[in-house]
$ cat upload_32.json   # JSON, C-alpha atoms
[["chain", "number", "residue", "atom", "x", "y", "z"],
["E", 1, "MET", "CA", 83.15, 8.33, -97.43],
["E", 2, "PRO", "CA", 85.45, 8.33, -94.37],
["E", 3, "LEU", "CA", 88.82, 6.60, -94.71],
["E", 4, "LYS", "CA", 88.93, 3.46, -92.51],
["E", 5, "ILE", "CA", 92.23, 2.71, -90.76],
["E", 6, "ILE", "CA", 92.66, -0.57, -88.86],
["E", 7, "ARG", "CA", 95.03, -0.34, -85.89],
["E", 8, "PRO", "CA", 96.05, -3.03, -83.35],
["E", 9, "ASP", "CA", 93.62, -1.96, -80.60],
["E", 10, "HIS", "CA", 91.03, 0.05, -82.55],
["E", 11, "VAL", "CA", 89.53, 1.08, -85.87],
["E", 12, "GLU", "CA", 89.66, 4.71, -86.90],
["E", 13, "PHE", "CA", 87.50, 6.60, -89.41],
["E", 14, "MET", "CA", 88.95, 9.78, -90.87],
["E", 15, "GLY", "CA", 85.81, 11.74, -91.69],
["E", 16, "GLU", "CA", 84.76, 15.37, -91.80],
["E", 17, "GLY", "CA", 82.97, 17.83, -89.57],
["E", 18, "PHE", "CA", 83.30, 18.79, -85.92],
["E", 19, "VAL", "CA", 81.87, 15.63, -84.29],
["E", 20, "LEU", "CA", 83.81, 12.55, -83.15],
["E", 21, "LEU", "CA", 82.00, 9.27, -82.44],
["E", 22, "THR", "CA", 83.62, 6.79, -80.04],
["E", 23, "ALA", "CA", 82.84, 3.22, -78.95],
["E", 24, "PRO", "CA", 85.56, 2.10, -76.51],
["E", 25, "HIS", "CA", 83.89, -1.16, -75.45],
["E", 26, "ALA", "CA", 82.91, -2.56, -78.86],
["E", 27, "ALA", "CA", 84.75, -5.86, -78.26],
["E", 28, "SER", "CA", 83.31, -6.39, -74.80],
["E", 29, "SER", "CA", 80.47, -8.23, -73.16],
["E", 30, "GLU", "CA", 76.76, -8.47, -73.90],
["E", 31, "ALA", "CA", 76.25, -5.06, -72.28],
["E", 32, "ASP", "CA", 78.07, -3.36, -75.18],
["E", 33, "LEU", "CA", 77.05, -5.75, -77.97],
["E", 34, "HIS", "CA", 76.75, -4.06, -81.40],
["E", 35, "THR", "CA", 78.11, -0.67, -80.28],
["E", 36, "GLY", "CA", 81.11, -0.93, -82.62],
["E", 37, "GLN", "CA", 79.00, -1.74, -85.68],
["E", 38, "ILE", "CA", 76.48, 0.96, -84.75],
["E", 39, "VAL", "CA", 79.22, 3.61, -84.51],
["E", 40, "GLU", "CA", 80.87, 2.39, -87.72],
["E", 41, "ASP", "CA", 77.59, 2.56, -89.64],
["E", 42, "ALA", "CA", 76.70, 5.96, -88.15],
["E", 43, "ALA", "CA", 80.15, 7.30, -89.10],
["E", 44, "LEU", "CA", 79.72, 6.06, -92.67],
["E", 45, "VAL", "CA", 76.21, 7.57, -92.99],
["E", 46, "SER", "CA", 77.23, 10.91, -91.44],
["E", 47, "ARG", "CA", 80.79, 10.88, -92.86],
["E", 48, "SER", "CA", 82.12, 11.77, -89.43],
["E", 49, "CYS", "CA", 85.31, 10.84, -87.61],
["E", 50, "ALA", "CA", 85.10, 7.81, -85.31],
["E", 51, "VAL", "CA", 87.31, 5.66, -83.08],
["E", 52, "ILE", "CA", 86.12, 2.14, -82.19],
["E", 53, "GLY", "CA", 87.90, -0.07, -79.65],
["E", 54, "LYS", "CA", 88.81, -3.67, -80.55],
["E", 55, "ILE", "CA", 90.01, -4.86, -77.13],
["E", 56, "SER", "CA", 87.77, -6.42, -74.49],
["E", 57, "ARG", "CA", 87.44, -4.30, -71.36],
["E", 58, "ASN", "CA", 88.53, -7.44, -69.46],
["E", 59, "TYR", "CA", 91.98, -6.89, -70.98],
["E", 60, "ALA", "CA", 92.15, -3.08, -71.03],
["E", 61, "ASP", "CA", 89.30, -0.69, -70.30],
["E", 62, "LEU", "CA", 89.80, 2.03, -72.92],
["E", 63, "ASN", "CA", 87.44, 4.28, -70.97],
["E", 64, "ARG", "CA", 89.67, 4.57, -67.90],
["E", 65, "LEU", "CA", 92.58, 6.79, -66.95],
["E", 66, "ARG", "CA", 95.16, 4.00, -67.10],
["E", 67, "ALA", "CA", 94.27, 3.57, -70.80],
["E", 68, "ALA", "CA", 95.41, 7.11, -71.59],
["E", 69, "GLN", "CA", 98.59, 5.92, -73.33],
["E", 70, "THR", "CA", 96.89, 3.40, -75.61],
["E", 71, "GLU", "CA", 96.81, 3.88, -79.37],
["E", 72, "PHE", "CA", 93.02, 4.24, -79.03],
["E", 73, "ARG", "CA", 93.41, 7.34, -76.84],
["E", 74, "LYS", "CA", 96.28, 8.70, -78.97],
["E", 75, "SER", "CA", 94.07, 8.52, -82.07],
["E", 76, "ILE", "CA", 91.39, 10.51, -80.26],
["E", 77, "ASP", "CA", 94.00, 13.10, -79.25],
["E", 78, "THR", "CA", 95.18, 13.40, -82.86],
["E", 79, "LEU", "CA", 91.66, 13.74, -84.28],
["E", 80, "LEU", "CA", 90.80, 16.43, -81.72],
["E", 81, "ALA", "CA", 93.95, 18.39, -82.52],
["E", 82, "ASP", "CA", 93.95, 17.98, -86.31],
["E", 83, "ASN", "CA", 90.24, 18.11, -87.17],
["E", 84, "GLY", "CA", 88.93, 20.84, -84.89],
["E", 85, "ILE", "CA", 86.55, 18.44, -83.15],
["E", 86, "ARG", "CA", 84.04, 20.31, -80.95],
["E", 87, "VAL", "CA", 81.70, 17.49, -79.88],
["E", 88, "VAL", "CA", 82.48, 13.93, -78.73],
["E", 89, "LEU", "CA", 79.57, 11.46, -78.69],
["E", 90, "ASP", "CA", 80.68, 8.40, -76.72],
["E", 91, "VAL", "CA", 78.35, 5.50, -77.57],
["E", 92, "ARG", "CA", 77.85, 2.71, -75.03],
["E", 93, "GLY", "CA", 75.57, -0.17, -74.31],
["E", 94, "LYS", "CA", 73.55, -0.94, -71.22],
["E", 95, "LYS", "CA", 71.53, -3.97, -70.15],
["E", 96, "ASP", "CA", 68.15, -2.39, -69.52],
["E", 97, "SER", "CA", 66.04, -0.76, -72.23],
["E", 98, "GLY", "CA", 65.97, 2.94, -73.01],
["E", 99, "VAL", "CA", 68.72, 5.50, -73.53],
["E", 100, "ASP", "CA", 70.88, 7.22, -70.90],
["E", 101, "VAL", "CA", 72.69, 10.46, -71.69],
["E", 102, "GLY", "CA", 75.57, 11.28, -69.35],
["E", 103, "THR", "CA", 77.33, 14.62, -69.03],
["E", 104, "GLY", "CA", 78.97, 14.24, -65.63],
["E", 105, "LEU", "CA", 76.04, 16.16, -64.11],
["E", 106, "GLY", "CA", 76.54, 18.98, -66.61],
["E", 107, "GLU", "CA", 80.33, 19.14, -66.28],
["E", 108, "THR", "CA", 81.09, 17.86, -69.81],
["E", 109, "ALA", "CA", 78.39, 19.48, -71.98],
["E", 110, "SER", "CA", 76.18, 22.55, -72.00],
["E", 111, "GLU", "CA", 72.54, 22.41, -71.01],
["E", 112, "GLU", "CA", 71.61, 23.49, -74.55],
["E", 113, "SER", "CA", 73.49, 20.60, -76.19],
["E", 114, "THR", "CA", 72.25, 18.10, -73.61],
["E", 115, "SER", "CA", 68.64, 19.20, -74.22],
["E", 116, "LEU", "CA", 69.12, 18.94, -77.98],
["E", 117, "VAL", "CA", 70.42, 15.37, -77.68],
["E", 118, "LYS", "CA", 67.63, 14.39, -75.30],
["E", 119, "GLU", "CA", 64.87, 15.93, -77.42],
["E", 120, "TRP", "CA", 66.18, 14.41, -80.64],
["E", 121, "LEU", "CA", 66.55, 10.91, -79.22],
["E", 122, "SER", "CA", 63.20, 11.15, -77.40],
["E", 123, "ARG", "CA", 61.43, 11.04, -80.76],
["E", 124, "ASP", "CA", 62.16, 7.29, -80.90],
["E", 125, "PHE", "CA", 63.41, 6.22, -77.47],
["E", 126, "THR", "CA", 62.80, 6.67, -73.74],
["E", 127, "VAL", "CA", 65.65, 8.96, -72.65],
["E", 128, "LYS", "CA", 67.04, 9.80, -69.20],
["E", 129, "VAL", "CA", 69.77, 12.36, -68.52],
["E", 130, "ASN", "CA", 72.51, 11.90, -65.91],
["E", 131, "GLU", "CA", 70.71, 8.98, -64.32],
["E", 132, "GLY", "CA", 73.07, 7.52, -61.71],
["E", 133, "ASN", "CA", 75.77, 10.15, -62.41],
["E", 134, "ARG", "CA", 76.63, 8.48, -65.72],
["E", 135, "GLY", "CA", 79.96, 9.47, -67.21],
["E", 136, "ILE", "CA", 81.63, 11.16, -64.25],
["E", 137, "GLU", "CA", 84.28, 8.51, -63.57],
["E", 138, "PRO", "CA", 87.74, 10.15, -63.39],
["E", 139, "GLY", "CA", 89.63, 9.46, -66.60],
["E", 140, "SER", "CA", 86.54, 8.46, -68.58],
["E", 141, "LEU", "CA", 86.39, 9.62, -72.18],
["E", 142, "ILE", "CA", 83.91, 12.39, -71.54],
["E", 143, "THR", "CA", 85.65, 13.78, -68.45],
["E", 144, "THR", "CA", 89.02, 13.60, -70.22],
["E", 145, "TYR", "CA", 88.03, 15.28, -73.48],
["E", 146, "ALA", "CA", 85.45, 17.89, -72.44],
["E", 147, "LYS", "CA", 87.23, 21.26, -72.36],
["E", 148, "LYS", "CA", 86.16, 24.76, -71.37],
["E", 149, "SER", "CA", 87.47, 28.06, -72.72],
["E", 150, "ASN", "CA", 88.70, 30.90, -70.50],
["E", 151, "ASP", "CA", 85.17, 32.38, -70.53],
["E", 152, "SER", "CA", 83.78, 29.05, -69.16],
["E", 153, "SER", "CA", 82.00, 28.18, -72.41],
["E", 154, "PHE", "CA", 82.70, 24.73, -73.83],
["E", 155, "ALA", "CA", 85.51, 24.45, -76.38],
["E", 156, "ILE", "CA", 84.80, 20.70, -76.62],
["E", 157, "GLU", "CA", 81.59, 19.10, -75.36],
["E", 158, "ALA", "CA", 81.47, 15.39, -74.57],
["E", 159, "LEU", "CA", 78.34, 13.30, -74.01],
["E", 160, "GLN", "CA", 78.05, 9.62, -73.18],
["E", 161, "ILE", "CA", 75.03, 7.95, -74.79],
["E", 162, "GLY", "CA", 74.09, 4.50, -73.51],
["E", 163, "PHE", "CA", 71.64, 2.49, -75.62],
["E", 164, "GLY", "CA", 69.80, -0.44, -74.06],
["E", 165, "HIS", "CA", 70.06, -4.02, -75.32],
["E", 166, "GLU", "CA", 66.60, -3.83, -76.89],
["E", 167, "GLU", "CA", 67.52, -0.69, -78.85],
["E", 168, "ARG", "CA", 70.85, -2.12, -80.05],
["E", 169, "ALA", "CA", 69.44, -5.53, -80.98],
["E", 170, "TYR", "CA", 65.99, -4.73, -82.38],
["E", 171, "LYS", "CA", 66.06, -1.04, -83.31],
["E", 172, "ARG", "CA", 69.60, -0.85, -84.58],
["E", 173, "ASP", "CA", 68.78, 0.93, -87.85],
["E", 174, "ARG", "CA", 66.92, 3.64, -85.96],
["E", 175, "VAL", "CA", 69.81, 4.00, -83.47],
["E", 176, "ILE", "CA", 72.28, 4.41, -86.35],
["E", 177, "GLN", "CA", 70.06, 6.96, -88.09],
["E", 178, "ALA", "CA", 69.49, 8.91, -84.86],
["E", 179, "ILE", "CA", 73.25, 9.15, -84.20],
["E", 180, "ALA", "CA", 73.91, 10.23, -87.80],
["E", 181, "GLU", "CA", 71.19, 12.87, -87.50],
["E", 182, "LEU", "CA", 72.69, 14.14, -84.22],
["E", 183, "VAL", "CA", 76.05, 14.48, -86.00],
["E", 184, "ALA", "CA", 74.41, 16.50, -88.79],
["E", 185, "LEU", "CA", 72.56, 18.72, -86.27],
["E", 186, "ALA", "CA", 75.73, 19.40, -84.27],
["E", 187, "ASN", "CA", 77.73, 20.15, -87.41],
["E", 188, "ARG", "CA", 75.05, 22.55, -88.65],
["E", 189, "LYS", "CA", 74.94, 24.29, -85.24],
["E", 190, "LEU", "CA", 78.74, 24.65, -85.30],
["E", 191, "GLY", "CA", 78.78, 26.06, -88.83],
["E", 192, "PHE", "CA", 80.15, 23.07, -90.74],
["E", 193, "ALA", "CA", 78.88, 23.08, -94.32],
["E", 194, "ARG", "CA", 78.99, 20.07, -96.60],
["E", 195, "THR", "CA", 78.42, 20.41, -100.32],
["E", 196, "GLU", "CA", 76.10, 17.39, -100.41],
["E", 197, "GLU", "CA", 73.81, 15.73, -97.87],
["E", 198, "PRO", "CA", 74.79, 12.45, -96.13],
["E", 199, "GLU", "CA", 73.59, 9.20, -97.64],
["E", 200, "GLN", "CA", 70.32, 7.84, -96.25],
["E", 201, "LYS", "CA", 70.39, 4.24, -95.08]]

$ encode --input "upload_32.json" --output "structure tokens"
Amino acid sequence: MPLKIIRPDHVEFMGEGFVLLTAPHAASSEADLHTGQIVEDAALVSRSCAVIGKISRNYADLNRLRAAQTEFRKSIDTLLADNGIRVVLDVRGKKDSGVDVGTGLGETASEESTSLVKEWLSRDFTVKVNEGNRGIEPGSLITTYAKKSNDSSFAIEALQIGFGHEERAYKRDRVIQAIAELVALANRKLGFARTEEPEQK
């Protein structure tokens, strides 16, 4: 079970594996309703690391460059450095139904990883990739934390996943399970081995 740490502007889960879940707008408007609880539950099921914002984006948008010095961003930096994180899944909300996966038009994640996320989520949801250039804002979480090695392969991949209001409100258990399963798939692909399987919700 991940250790939960409550900080002034966010909640942090110290889990295991190579995947970090984030929800920067968990305390915000209707558009992001339930994202914090979804990420918390998915982190508990998958035993992964997670960072969940507690400040409304009206006060400080934790997804923008000017938020780089917040404790929220510092916790992400620490988890990346100390835990060998290789994949960041940034969970968001959106008003319309369906799921959007953003990779900054392929700049923040490989085609292979993007296809895996799309195919996995498409089992339960209608999924679009890079619709409206999602996730390419300068200073956003995915553009900040995606990193390439000298050989141009990804050292850290970052994907923004936006779940519609209908999915977050009425299919929340399936959203949580799908995120937890994506964490397990990514960890397996990256060679992380756990001695026991994650709890099923």

$ closest_atom_pairs --input "upload_32.json" --of "segment 55-127 of chain E" --to "segment 149-158 of chain E" --cutoff "7 Å" --atoms "all atoms listed in the file" --output "tab-separated table"
residue	atom	partner	partner_atom	distance
E:Arg86	CA	E:Ile156	CA	4.4
E:Val87	CA	E:Glu157	CA	4.8
E:Val88	CA	E:Ala158	CA	4.5
E:Leu89	CA	E:Ala158	CA	6.0
E:Thr103	CA	E:Ala158	CA	7.0
E:Thr108	CA	E:Ala158	CA	5.4
E:Ala109	CA	E:Glu157	CA	4.7

$ atom_distance --input "upload_32.json" --atom1 "atom CA of Val19 of chain E" --atom2 "atom CA of Val129 of chain E"
20.1 Å

$ closest_residue --input "upload_32.json" --among "E:Leu182, E:Leu20, E:Met1, E:Val39" --to "Ile142 of chain E" --atoms "all atoms listed in the file"
E:Leu20

$ atom_distance --input "upload_32.json" --atom1 "atom CA of Lys94 of chain E" --atom2 "atom CA of Thr35 of chain E"
10.1 Å

$ atom_distance --input "upload_32.json" --atom1 "atom CA of Tyr170 of chain E" --atom2 "atom CA of Ala186 of chain E"
26.1 Å

$ residues_around --input "upload_32.json" --residues "Asp173 of chain E" --least-positions-apart "3" --cutoff "12 Å" --atoms "all atoms listed in the file" --output "PyMOL selection string"
chain E and resi 34+37-39+41-42+45+124+167-170+176-180+200-201

$ residues_near_point --input "upload_32.json" --point "(91.3, 4.7, -79.6)" --cutoff "6 Å" --atoms "all atoms listed in the file" --output "MDAnalysis selection string"
chainID E and resid 10 51 53 71:73 75:76

$ closest_residue --input "upload_32.json" --among "E:Phe18, E:Phe163, E:Tyr145, E:Phe13" --to "Phe192 of chain E" --atoms "all atoms listed in the file"
E:Phe18

$ closest_residue --input "upload_32.json" --among "E:Lys128, E:Lys4, E:Arg92, E:His25" --to "Thr114 of chain E" --atoms "all atoms listed in the file"
E:Lys128

$ closest_residue --input "upload_32.json" --among "E:Glu112, E:Leu105, E:Leu33, E:Ala50" --to "His165 of chain E" --atoms "all atoms listed in the file"
E:Leu33

$ closest_residue --input "upload_32.json" --among "E:Val117, E:Ile161, E:Leu141, E:Leu79" --to "Val101 of chain E" --atoms "all atoms listed in the file"
E:Ile161

$ closest_residue --input "upload_32.json" --among "E:Leu159, E:Val91, E:Ala146, E:Leu116" --to "Asp77 of chain E" --atoms "all atoms listed in the file"
E:Ala146

$ residues_near_point --input "upload_32.json" --point "(71.5, 17.4, -85.9)" --cutoff "8 Å" --atoms "all atoms listed in the file" --output "PyMOL selection string"
chain E and resi 180-189

$ write_last_selection --input "upload_32.json" --atoms "C-alpha atoms" --output "PDB file, keeping the file's coordinate frame"
ATOM      1  CA  ALA E 180      73.910  10.230 -87.800  1.00  0.00           C
ATOM      2  CA  GLU E 181      71.190  12.870 -87.500  1.00  0.00           C
ATOM      3  CA  LEU E 182      72.690  14.140 -84.220  1.00  0.00           C
ATOM      4  CA  VAL E 183      76.050  14.480 -86.000  1.00  0.00           C
ATOM      5  CA  ALA E 184      74.410  16.500 -88.790  1.00  0.00           C
ATOM      6  CA  LEU E 185      72.560  18.720 -86.270  1.00  0.00           C
ATOM      7  CA  ALA E 186      75.730  19.400 -84.270  1.00  0.00           C
ATOM      8  CA  ASN E 187      77.730  20.150 -87.410  1.00  0.00           C
ATOM      9  CA  ARG E 188      75.050  22.550 -88.650  1.00  0.00           C
ATOM     10  CA  LYS E 189      74.940  24.290 -85.240  1.00  0.00           C
TER      11      LYS E 189
END

$ residues_around --input "upload_32.json" --residues "Ile52 of chain E" --least-positions-apart "3" --cutoff "7 Å" --atoms "only C-alpha atoms" --output "NGL selection string"
:E and (10-12 or 22-24 or 26 or 36)

$ residues_around --input "upload_32.json" --residues "Gly15 of chain E" --least-positions-apart "6" --cutoff "9 Å" --atoms "all atoms listed in the file" --output "number ranges by chain"
E: 1-4, 43-44, 46-50, 83
